[in-house]
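Engineer: Data file input_10.tsv (TSV, C-alpha atoms) is appended below.
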```tsv
chain	number	residue	atom	x	y	z
A	1	MET	CA	12.35	25.45	-45.38
A	2	LEU	CA	15.87	26.76	-44.79
A	3	VAL	CA	17.08	23.18	-44.33
A	4	VAL	CA	15.62	22.21	-47.73
A	5	VAL	CA	17.28	25.17	-49.50
A	6	VAL	CA	20.66	24.46	-47.91
A	7	GLY	CA	20.39	20.78	-48.80
A	8	VAL	CA	19.48	21.48	-52.44
A	9	VAL	CA	22.34	23.97	-52.88
A	10	THR	CA	24.82	21.57	-51.27
A	11	LEU	CA	23.69	18.64	-53.42
A	12	SER	CA	23.81	20.80	-56.56
A	13	LEU	CA	27.37	21.95	-55.92
A	14	THR	CA	28.47	18.42	-55.07
A	15	ALA	CA	26.80	17.01	-58.20
A	16	ASN	CA	28.48	19.59	-60.46
A	17	ALA	CA	31.89	18.77	-59.00
A	18	LEU	CA	31.35	15.05	-59.53
A	19	LEU	CA	29.99	15.55	-63.04
A	20	GLU	CA	33.11	17.40	-64.15
A	21	GLN	CA	35.32	14.59	-62.87
A	22	ALA	CA	33.40	11.41	-63.66
A	23	VAL	CA	31.18	12.18	-66.70
A	24	PRO	CA	32.44	12.58	-70.30
A	25	PRO	CA	32.20	16.19	-71.58
A	26	ASP	CA	29.62	15.38	-74.23
A	27	GLN	CA	27.21	13.94	-71.59
A	28	VAL	CA	27.63	16.59	-68.90
A	29	ALA	CA	24.68	18.70	-70.07
A	30	THR	CA	22.30	15.74	-70.19
A	31	VAL	CA	23.32	14.43	-66.79
A	32	ARG	CA	23.20	17.92	-65.27
A	33	THR	CA	19.63	18.37	-66.52
A	34	ALA	CA	18.61	15.03	-65.01
A	35	VAL	CA	20.26	15.88	-61.71
A	36	ILE	CA	18.56	19.26	-61.60
A	37	GLN	CA	15.19	17.68	-62.27
A	38	ALA	CA	15.76	15.07	-59.56
A	39	LEU	CA	16.83	17.74	-57.11
A	40	THR	CA	13.82	19.87	-57.98
A	41	ILE	CA	11.43	16.98	-57.43
A	42	ALA	CA	13.20	16.03	-54.18
A	43	ALA	CA	13.11	19.65	-52.98
A	44	LEU	CA	9.39	19.93	-53.73
A	45	ALA	CA	8.68	16.63	-51.98
A	46	ALA	CA	10.79	17.64	-48.96
A	47	THR	CA	9.09	21.04	-48.83
A	48	ILE	CA	5.61	19.49	-48.94
A	49	ALA	CA	6.54	16.89	-46.32
A	50	GLY	CA	8.15	19.54	-44.10
A	51	LEU	CA	5.19	21.89	-44.38
A	52	THR	CA	2.74	19.07	-43.69
A	53	THR	CA	4.70	17.92	-40.64
A	54	SER	CA	5.05	21.49	-39.38
A	55	ILE	CA	1.33	22.15	-39.75
A	56	LEU	CA	0.44	18.93	-37.95
A	57	LEU	CA	2.96	19.68	-35.17
A	58	VAL	CA	1.69	23.24	-34.80
A	59	GLN	CA	-1.87	21.95	-34.61
A	60	VAL	CA	-0.91	19.49	-31.86
A	61	ILE	CA	0.89	22.22	-29.91
A	62	LEU	CA	-1.93	24.71	-30.37
A	63	ARG	CA	-4.51	22.11	-29.37
A	64	SER	CA	-2.66	21.43	-26.12
A	65	LEU	CA	-2.13	25.14	-25.45
A	66	ARG	CA	-5.81	25.88	-26.12
A	67	SER	CA	-6.75	23.10	-23.70
A	68	ILE	CA	-4.46	24.58	-21.02
A	69	ALA	CA	-5.88	28.05	-21.69
A	70	ARG	CA	-9.48	26.80	-21.34
A	71	SER	CA	-8.61	24.93	-18.16
A	72	SER	CA	-6.89	27.98	-16.69
A	73	GLN	CA	-10.04	30.02	-17.35
A	74	ARG	CA	-12.15	27.39	-15.58
A	75	ILE	CA	-9.75	27.41	-12.61
A	76	ALA	CA	-9.93	31.21	-12.51
A	77	ALA	CA	-13.72	30.83	-12.36
A	78	GLY	CA	-13.41	28.60	-9.28
A	79	ARG	CA	-13.40	25.08	-10.78
A	80	TYR	CA	-10.27	23.86	-8.99
A	81	ASP	CA	-10.87	20.22	-9.95
A	82	GLU	CA	-10.01	21.02	-13.59
A	83	ARG	CA	-7.20	18.99	-15.16
A	84	VAL	CA	-5.69	18.78	-18.68
A	85	ILE	CA	-4.92	15.65	-20.68
A	86	VAL	CA	-1.20	14.89	-20.70
A	87	PRO	CA	0.01	14.66	-24.34
A	88	ALA	CA	2.62	12.23	-25.66
A	89	SER	CA	5.21	14.90	-26.52
A	90	ASP	CA	7.92	15.21	-23.88
A	91	GLU	CA	7.93	19.02	-23.87
A	92	LEU	CA	4.15	19.35	-23.80
A	93	ARG	CA	3.93	16.54	-21.24
A	94	ALA	CA	6.13	18.55	-18.87
A	95	VAL	CA	3.96	21.65	-19.34
A	96	ALA	CA	0.72	19.70	-18.81
A	97	GLU	CA	2.03	17.90	-15.73
A	98	SER	CA	3.22	21.19	-14.22
A	99	PHE	CA	-0.20	22.71	-14.92
A	100	ASN	CA	-1.98	19.78	-13.27
A	101	GLN	CA	0.31	20.02	-10.24
A	102	MET	CA	-0.50	23.73	-9.95
A	103	ALA	CA	-4.23	22.99	-10.24
A	104	GLU	CA	-3.98	20.32	-7.55
A	105	ALA	CA	-2.13	22.69	-5.22
A	106	LEU	CA	-4.78	25.37	-5.78
A	107	GLU	CA	-7.52	22.84	-5.08
A	108	GLN	CA	-5.87	21.85	-1.80
A	109	ILE	CA	-5.46	25.50	-0.82
A	110	GLU	CA	-9.13	26.13	-1.54
A	111	GLN	CA	-10.14	23.07	0.48
A	112	ARG	CA	-8.04	24.28	3.42
A	113	ARG	CA	-9.55	27.76	3.11
A	114	VAL	CA	-13.09	26.37	3.18
A	115	ALA	CA	-12.21	24.09	6.10
A	116	MET	CA	-10.65	27.00	7.98
A	117	ILE	CA	-13.76	29.14	7.53
A	118	GLY	CA	-15.89	26.31	8.86
A	119	ASN	CA	-13.55	25.73	11.79
A	120	VAL	CA	-13.44	29.42	12.68
A	121	ALA	CA	-17.23	29.61	12.55
A	122	HIS	CA	-17.47	26.52	14.76
A	123	GLU	CA	-14.98	27.86	17.29
A	124	LEU	CA	-16.71	31.24	17.45
A	125	ARG	CA	-20.10	29.61	17.85
A	126	THR	CA	-19.18	27.90	21.13
A	127	PRO	CA	-18.41	31.02	23.27
A	128	LEU	CA	-21.12	33.03	21.51
A	129	ALA	CA	-23.69	30.36	22.34
A	130	GLY	CA	-22.57	30.45	25.97
A	131	ILE	CA	-22.87	34.25	26.14
A	132	GLU	CA	-26.27	34.11	24.45
A	133	GLY	CA	-27.45	31.50	26.95
A	134	TYR	CA	-26.39	33.63	29.90
A	135	LEU	CA	-28.09	36.71	28.43
A	136	GLU	CA	-31.33	34.84	27.79
A	137	GLY	CA	-31.20	33.46	31.34
A	138	LEU	CA	-30.76	36.96	32.73
A	139	ILE	CA	-33.58	38.37	30.59
A	140	ASP	CA	-35.97	35.56	31.54
A	141	GLY	CA	-35.00	35.78	35.20
A	142	VAL	CA	-33.75	32.18	35.24
A	143	LEU	CA	-30.23	33.28	36.19
A	144	PRO	CA	-29.65	35.76	39.00
A	145	ALA	CA	-27.90	39.03	38.17
A	146	GLU	CA	-25.06	38.24	40.50
A	147	ALA	CA	-21.29	38.48	40.31
A	148	ASP	CA	-20.86	34.74	39.65
A	149	THR	CA	-23.09	34.91	36.57
A	150	PHE	CA	-21.16	37.83	35.14
A	151	LEU	CA	-17.87	36.10	35.92
A	152	ASP	CA	-19.02	33.09	33.91
A	153	MET	CA	-19.94	35.38	31.04
A	154	LYS	CA	-16.53	37.02	31.30
A	155	GLN	CA	-14.89	33.61	30.92
A	156	GLU	CA	-16.73	33.08	27.63
A	157	VAL	CA	-15.66	36.54	26.46
A	158	ARG	CA	-12.07	35.67	27.33
A	159	ARG	CA	-12.30	32.47	25.29
A	160	LEU	CA	-13.61	34.50	22.37
A	161	ARG	CA	-10.85	37.08	22.68
A	162	ARG	CA	-8.20	34.35	22.99
A	163	LEU	CA	-9.41	32.77	19.75
A	164	VAL	CA	-9.40	36.11	17.92
A	165	ASP	CA	-5.88	36.86	19.19
A	166	ASP	CA	-4.68	33.42	18.08
A	167	LEU	CA	-6.20	33.91	14.62
A	168	GLN	CA	-4.54	37.30	14.30
A	169	THR	CA	-1.18	35.87	15.36
A	170	LEU	CA	-1.52	32.95	12.94
A	171	SER	CA	-2.38	35.29	10.08
A	172	ARG	CA	0.66	37.48	10.77
A	173	VAL	CA	3.00	34.51	11.17
A	174	GLU	CA	1.88	32.84	7.93
A	175	ALA	CA	2.19	36.16	6.08
A	176	GLY	CA	5.73	36.65	7.43
A	177	GLN	CA	4.72	39.86	9.20
A	178	ILE	CA	5.69	38.79	12.72
A	179	SER	CA	8.40	40.88	14.36
A	180	LEU	CA	11.46	38.97	15.55
A	181	ASN	CA	14.27	40.24	17.76
A	182	PHE	CA	17.22	37.95	17.02
A	183	THR	CA	19.90	37.63	19.68
A	184	THR	CA	22.27	35.01	21.04
A	185	PHE	CA	21.14	33.55	24.37
A	186	ASP	CA	21.28	30.45	26.56
A	187	ILE	CA	18.22	28.36	25.76
A	188	ASN	CA	18.56	26.50	29.08
A	189	GLU	CA	17.67	29.73	30.86
A	190	VAL	CA	14.50	30.05	28.77
A	191	ILE	CA	13.59	26.44	29.56
A	192	ARG	CA	14.06	27.08	33.28
A	193	ARG	CA	11.84	30.16	33.12
A	194	VAL	CA	9.06	28.39	31.19
A	195	VAL	CA	9.08	25.38	33.54
A	196	SER	CA	8.87	27.74	36.52
A	197	GLN	CA	5.94	29.56	34.90
A	198	LEU	CA	4.02	26.28	34.46
A	199	GLN	CA	4.85	24.98	37.93
A	200	PRO	CA	1.37	25.71	39.41
A	201	GLN	CA	-0.29	23.63	36.66
A	202	VAL	CA	2.26	20.86	37.20
A	203	LEU	CA	1.47	20.78	40.93
A	204	ASP	CA	-2.29	20.80	40.33
A	205	GLY	CA	-1.94	17.81	38.02
A	206	CYS	CA	0.39	15.96	40.38
A	207	LEU	CA	2.93	15.74	37.58
A	208	GLN	CA	6.70	15.51	37.57
A	209	VAL	CA	8.87	17.64	35.29
A	210	ILE	CA	12.48	16.54	34.72
A	211	CYS	CA	14.96	18.86	32.99
A	212	GLU	CA	17.96	17.14	31.45
A	213	ARG	CA	20.43	19.74	30.25
A	214	THR	CA	24.13	20.41	30.09
A	215	ASP	CA	25.91	22.43	32.75
A	216	GLN	CA	27.46	24.64	30.10
A	217	PRO	CA	25.42	27.39	28.40
A	218	LEU	CA	23.64	26.17	25.25
A	219	LEU	CA	23.67	29.16	22.93
A	220	THR	CA	21.20	29.66	20.10
A	221	ARG	CA	20.51	32.48	17.68
A	222	ALA	CA	16.79	33.31	17.79
A	223	ASP	CA	14.15	35.49	19.44
A	224	PRO	CA	14.06	34.49	23.15
A	225	ASP	CA	10.46	35.67	23.64
A	226	ARG	CA	9.22	33.66	20.65
A	227	VAL	CA	11.19	30.63	21.79
A	228	ALA	CA	9.54	30.95	25.20
A	229	GLN	CA	6.16	31.15	23.44
A	230	ILE	CA	6.90	27.91	21.56
A	231	LEU	CA	8.07	26.10	24.68
A	232	LEU	CA	5.02	27.31	26.62
A	233	ASN	CA	2.82	25.76	23.97
A	234	LEU	CA	4.72	22.46	23.88
A	235	LEU	CA	5.00	22.13	27.66
A	236	GLY	CA	1.45	23.36	28.17
A	237	ASN	CA	0.15	20.64	25.85
A	238	ALA	CA	2.27	18.07	27.68
A	239	VAL	CA	0.79	19.15	31.02
A	240	ARG	CA	-2.73	19.19	29.59
A	241	TYR	CA	-2.57	15.72	28.05
A	242	THR	CA	-0.56	13.89	30.69
A	243	PRO	CA	-2.69	12.08	33.32
A	244	GLU	CA	-2.17	12.58	37.03
A	245	GLY	CA	1.08	11.10	38.27
A	246	GLY	CA	2.70	11.26	34.83
A	247	CYS	CA	6.13	12.54	33.93
A	248	ILE	CA	7.32	15.22	31.50
A	249	THR	CA	10.97	15.29	30.49
A	250	VAL	CA	12.64	18.28	28.86
A	251	ARG	CA	16.01	17.66	27.22
A	252	SER	CA	18.35	20.15	25.56
A	253	ALA	CA	21.44	19.30	23.57
A	254	LEU	CA	23.70	20.50	20.79
A	255	VAL	CA	23.43	18.33	17.66
A	256	GLY	CA	25.78	19.44	14.92
A	257	GLU	CA	24.99	23.07	14.15
A	258	GLN	CA	21.57	22.89	15.75
A	259	VAL	CA	20.28	23.32	19.28
A	260	ARG	CA	17.66	20.66	20.01
A	261	VAL	CA	15.01	20.84	22.74
A	262	THR	CA	12.87	17.73	23.28
A	263	VAL	CA	9.64	17.67	25.29
A	264	GLU	CA	8.65	14.08	26.07
A	265	ASP	CA	5.60	13.08	28.11
A	266	THR	CA	3.90	9.92	29.31
A	267	GLY	CA	0.48	11.20	28.29
A	268	ILE	CA	-2.34	10.00	26.08
A	269	GLY	CA	-0.15	9.82	22.97
A	270	ILE	CA	-1.10	10.39	19.34
A	271	ALA	CA	-2.59	7.79	17.01
A	272	PRO	CA	-0.55	7.10	13.84
A	273	GLU	CA	-3.33	8.33	11.56
A	274	HIS	CA	-3.41	11.69	13.37
A	275	LEU	CA	0.33	12.27	13.57
A	276	PRO	CA	0.87	13.70	10.03
A	277	TYR	CA	-1.80	16.36	10.60
A	278	ILE	CA	-0.99	17.42	14.14
A	279	PHE	CA	0.38	20.81	12.99
A	280	GLU	CA	-2.59	21.60	10.72
A	281	ARG	CA	-4.78	24.56	11.62
A	282	PHE	CA	-7.67	23.62	13.94
A	283	TYR	CA	-6.77	19.94	13.74
A	284	ARG	CA	-7.57	18.03	16.92
A	285	ALA	CA	-6.60	14.45	17.58
A	286	ASP	CA	-8.86	14.58	20.66
A	287	PRO	CA	-11.55	17.21	19.88
A	288	SER	CA	-13.62	16.91	23.04
A	289	ARG	CA	-10.70	17.13	25.45
A	290	SER	CA	-8.91	20.01	23.75
A	291	ARG	CA	-12.10	22.02	23.46
A	292	ALA	CA	-12.90	21.45	27.13
A	293	SER	CA	-9.48	22.76	28.04
A	294	GLY	CA	-10.03	25.90	26.02
A	295	GLY	CA	-7.49	25.24	23.27
A	296	SER	CA	-8.08	26.94	19.92
A	297	GLY	CA	-6.48	24.16	17.89
A	298	ILE	CA	-3.92	26.45	16.23
A	299	GLY	CA	-1.25	26.69	18.93
A	300	LEU	CA	1.00	24.09	17.31
A	301	THR	CA	0.51	25.71	13.90
A	302	ILE	CA	1.66	29.06	15.29
A	303	ALA	CA	4.59	27.41	17.09
A	304	ARG	CA	5.83	25.69	13.96
A	305	HIS	CA	5.61	28.83	11.84
A	306	LEU	CA	7.52	30.75	14.51
A	307	ALA	CA	10.21	28.06	14.48
A	308	TRP	CA	10.41	28.27	10.68
A	309	ALA	CA	10.70	32.06	10.85
A	310	MET	CA	13.73	31.68	13.14
A	311	GLY	CA	15.41	29.11	10.89
A	312	GLY	CA	14.33	26.07	12.92
A	313	ASP	CA	11.59	23.47	12.92
A	314	ILE	CA	9.28	21.41	15.14
A	315	SER	CA	8.53	17.72	14.71
A	316	ALA	CA	6.22	15.32	16.54
A	317	ALA	CA	6.52	11.61	17.29
A	318	SER	CA	4.45	9.10	19.22
A	319	ALA	CA	4.42	5.34	19.63
A	320	GLY	CA	0.61	5.38	19.68
A	321	LEU	CA	-2.32	5.96	22.00
A	322	GLY	CA	-1.46	5.71	25.67
A	323	LYS	CA	2.27	5.70	24.96
A	324	GLY	CA	3.07	9.37	25.27
A	325	SER	CA	4.40	11.78	22.68
A	326	THR	CA	7.60	13.65	21.90
A	327	PHE	CA	7.93	17.12	20.37
A	328	THR	CA	11.32	18.31	19.19
A	329	LEU	CA	12.27	21.93	18.61
A	330	THR	CA	15.43	22.68	16.61
A	331	LEU	CA	17.04	26.10	16.32
A	332	PRO	CA	20.28	27.41	14.79
A	333	ARG	CA	23.35	27.26	16.97
A	334	GLY	CA	24.55	30.56	18.39
A	335	THR	CA	28.12	31.76	18.69
A	336	THR	CA	29.69	34.04	21.25
```
For this file, write the structure as structure tokens.
Structural biologist:
Amino acid sequence: MLVVVVGVVTLSLTANALLEQAVPPDQVATVRTAVIQALTIAALAATIAGLTTSILLVQVILRSLRSIARSSQRIAAGRYDERVIVPASDELRAVAESFNQMAEALEQIEQRRVAMIGNVAHELRTPLAGIEGYLEGLIDGVLPAEADTFLDMKQEVRRLRRLVDDLQTLSRVEAGQISLNFTTFDINEVIRRVVSQLQPQVLDGCLQVICERTDQPLLTRADPDRVAQILLNLLGNAVRYTPEGGCITVRSALVGEQVRVTVEDTGIGIAPEHLPYIFERFYRADPSRSRASGGSGIGLTIARHLAWAMGGDISAASAGLGKGSTFTLTLPRGTT
């Protein structure tokens, strides 16, 4: 409306100036009347067209906003598969696409939540079923009330406690509530300590562990205990999934402003279809083997979140089944 008023006033002033210069004095009044009538008709037509366009545009915007509002209510009610139609307008298209992306992310989060509940229930069921079986055997007199029976029951209780502890740690790490004690230290010393700690398992599996590291200290800025926890998980997995007579190589190096630790094994490897999900909670590329070994399926998830919390990352690579795997830990470089 303001545009129409400004346009009419501008045209009127311009017409008056031109009339005084180009029209004879005796015809000025007649021409001025005609110009005013034309401007009035044009102003009315422009006003009607502007109002009509504005109403139609407002209706389109309100229709899209009402659709988004209804969809948001459905999502709030738990219908995470809800999506809105993307309109033709560029501005509304951006809003609709952002809404659909948010809905898709919420749907994926809900799917992961449901899957996690199912996985937790499944993992808890295994040790509980074992304990229940032992108790029923003791009640029925099938199993003797001896130390060996109670030791077997204690093993199941330990598996249950280990899973609960892992879940608690994962929850704290994902919520950013884990305590970290940052300091500058030589990561080669942590590697040496972790390899020494796993030496009995290495000997039992008739494996060979090779450490390739520089003679000079390799300083990093992180929490040494959490780094040791990550390396224990990576090396422990390498020991667990490398057949007898295999080799595990641990390399440390400085790459740019990052300290890189690589754990490479000649084990069973990871299939390409499993590789993108190897850090997902409870994901198992080899379910039967990892369950038999007592793994909870969330060790790598915890390790990666710990690395993220310290400003680093963990990645996995494998050429395929039977061709081994490589896990790489990167951490910020430390300074003296």
Engineer: With 6 Å as the cut-off and all atoms listed in the file counted, what is the closest atom pair between each nearby residue of range 154-213 of chain A and range 237-253 of chain A? Distances in Å to one decimal, ordered by chain and number, as a tab-separated table.
Structural biologist:
```
residue	atom	partner	partner_atom	distance
A:Gly205	CA	A:Glu244	CA	5.3
A:Cys206	CA	A:Gly245	CA	5.3
A:Leu207	CA	A:Gly245	CA	5.0
A:Gln208	CA	A:Cys247	CA	4.7
A:Val209	CA	A:Ile248	CA	4.8
A:Ile210	CA	A:Thr249	CA	4.7
A:Cys211	CA	A:Val250	CA	4.8
A:Glu212	CA	A:Arg251	CA	4.7
A:Arg213	CA	A:Ser252	CA	5.1
```
Engineer: Select, counting all atoms listed in the file, all protein, DNA and RNA residues no farther than 8 Å from (15.5, 34.6, 15.6) in file coordinates, and express the selection as a list in words.
Structural biologist: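 I get Leu180, Asn181, Phe182, Thr183, Arg221, Ala222, Asp223, Pro224, Ala309, Met310 and Gly311 of chain A for the residues within 8 Å of that point.
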Engineer: Take the residues from that selection and write them out as an mmCIF file, in the frame of the given file, keeping C-alpha atoms.
Structural biologist:
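Result file selection34.cif:
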```
data_model
loop_
_atom_site.group_PDB
_atom_site.id
_atom_site.type_symbol
_atom_site.label_atom_id
_atom_site.label_comp_id
_atom_site.auth_asym_id
_atom_site.auth_seq_id
_atom_site.Cartn_x
_atom_site.Cartn_y
_atom_site.Cartn_z
ATOM 1 C CA LEU A 180 11.460 38.970 15.550
ATOM 2 C CA ASN A 181 14.270 40.240 17.760
ATOM 3 C CA PHE A 182 17.220 37.950 17.020
ATOM 4 C CA THR A 183 19.900 37.630 19.680
ATOM 5 C CA ARG A 221 20.510 32.480 17.680
ATOM 6 C CA ALA A 222 16.790 33.310 17.790
ATOM 7 C CA ASP A 223 14.150 35.490 19.440
ATOM 8 C CA PRO A 224 14.060 34.490 23.150
ATOM 9 C CA ALA A 309 10.700 32.060 10.850
ATOM 10 C CA MET A 310 13.730 31.680 13.140
ATOM 11 C CA GLY A 311 15.410 29.110 10.890
#
```
Engineer: Mind pulling up the distance from CA of Met116 in chain A to CA of Ser98 in chain A?
Structural biologist: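 About the pair CA of Ser98 in chain A and CA of Met116 in chain A: they are 26.8 Å apart.
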Engineer: Separation of CA of Leu306 in chain A and CA of Ile178 in chain A, in Å?
Structural biologist: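 Rounded to one decimal, the two atoms are 8.4 Å apart.
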Engineer: Which residue out of A:Gly141, A:Glu97, A:Glu156, A:Thr266 has the minimum interatomic distance to Arg125 in chain A when all atoms listed in the file are used?
Structural biologist: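 That would be A:Glu156, the residue with the smallest distance to Arg125 in chain A.
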Engineer: For a test of reading the model, state the distance in Å between CA of Tyr134 in chain A and CA of Asp165 in chain A, rounded to one decimal.
Structural biologist: 23.4 Å
Engineer: Smallest atom-to-atom distance to His305 in chain A: which of A:Ala319, A:Leu62, A:Leu138, A:Val173, using all atoms listed in the file?
Structural biologist: A:Val173
Engineer: Choose the residue, out of A:Val157, A:Ala115, A:Ile191, A:Ala307, that has the smallest atom-to-atom separation from Glu174 in chain A; count all atoms listed in the file.
Structural biologist: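 Among the listed residues, the smallest separation from Glu174 in chain A belongs to A:Ala307.
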Engineer: Write out as an mmCIF file with C-alpha atoms, keeping the file's coordinate frame each polymer residue whose atoms come within 9 Å of Ala303 in chain A, counting all atoms listed in the file; drop sequence neighbours fewer than 3 positions from it.
Structural biologist:
```cif
data_model
loop_
_atom_site.group_PDB
_atom_site.id
_atom_site.type_symbol
_atom_site.label_atom_id
_atom_site.label_comp_id
_atom_site.auth_asym_id
_atom_site.auth_seq_id
_atom_site.Cartn_x
_atom_site.Cartn_y
_atom_site.Cartn_z
ATOM 1 C CA ARG A 226 9.220 33.660 20.650
ATOM 2 C CA VAL A 227 11.190 30.630 21.790
ATOM 3 C CA GLN A 229 6.160 31.150 23.440
ATOM 4 C CA ILE A 230 6.900 27.910 21.560
ATOM 5 C CA LEU A 231 8.070 26.100 24.680
ATOM 6 C CA ASN A 233 2.820 25.760 23.970
ATOM 7 C CA LEU A 234 4.720 22.460 23.880
ATOM 8 C CA PHE A 279 0.380 20.810 12.990
ATOM 9 C CA ILE A 298 -3.920 26.450 16.230
ATOM 10 C CA GLY A 299 -1.250 26.690 18.930
ATOM 11 C CA LEU A 300 1.000 24.090 17.310
ATOM 12 C CA LEU A 306 7.520 30.750 14.510
ATOM 13 C CA ALA A 307 10.210 28.060 14.480
ATOM 14 C CA TRP A 308 10.410 28.270 10.680
ATOM 15 C CA ILE A 314 9.280 21.410 15.140
#
```
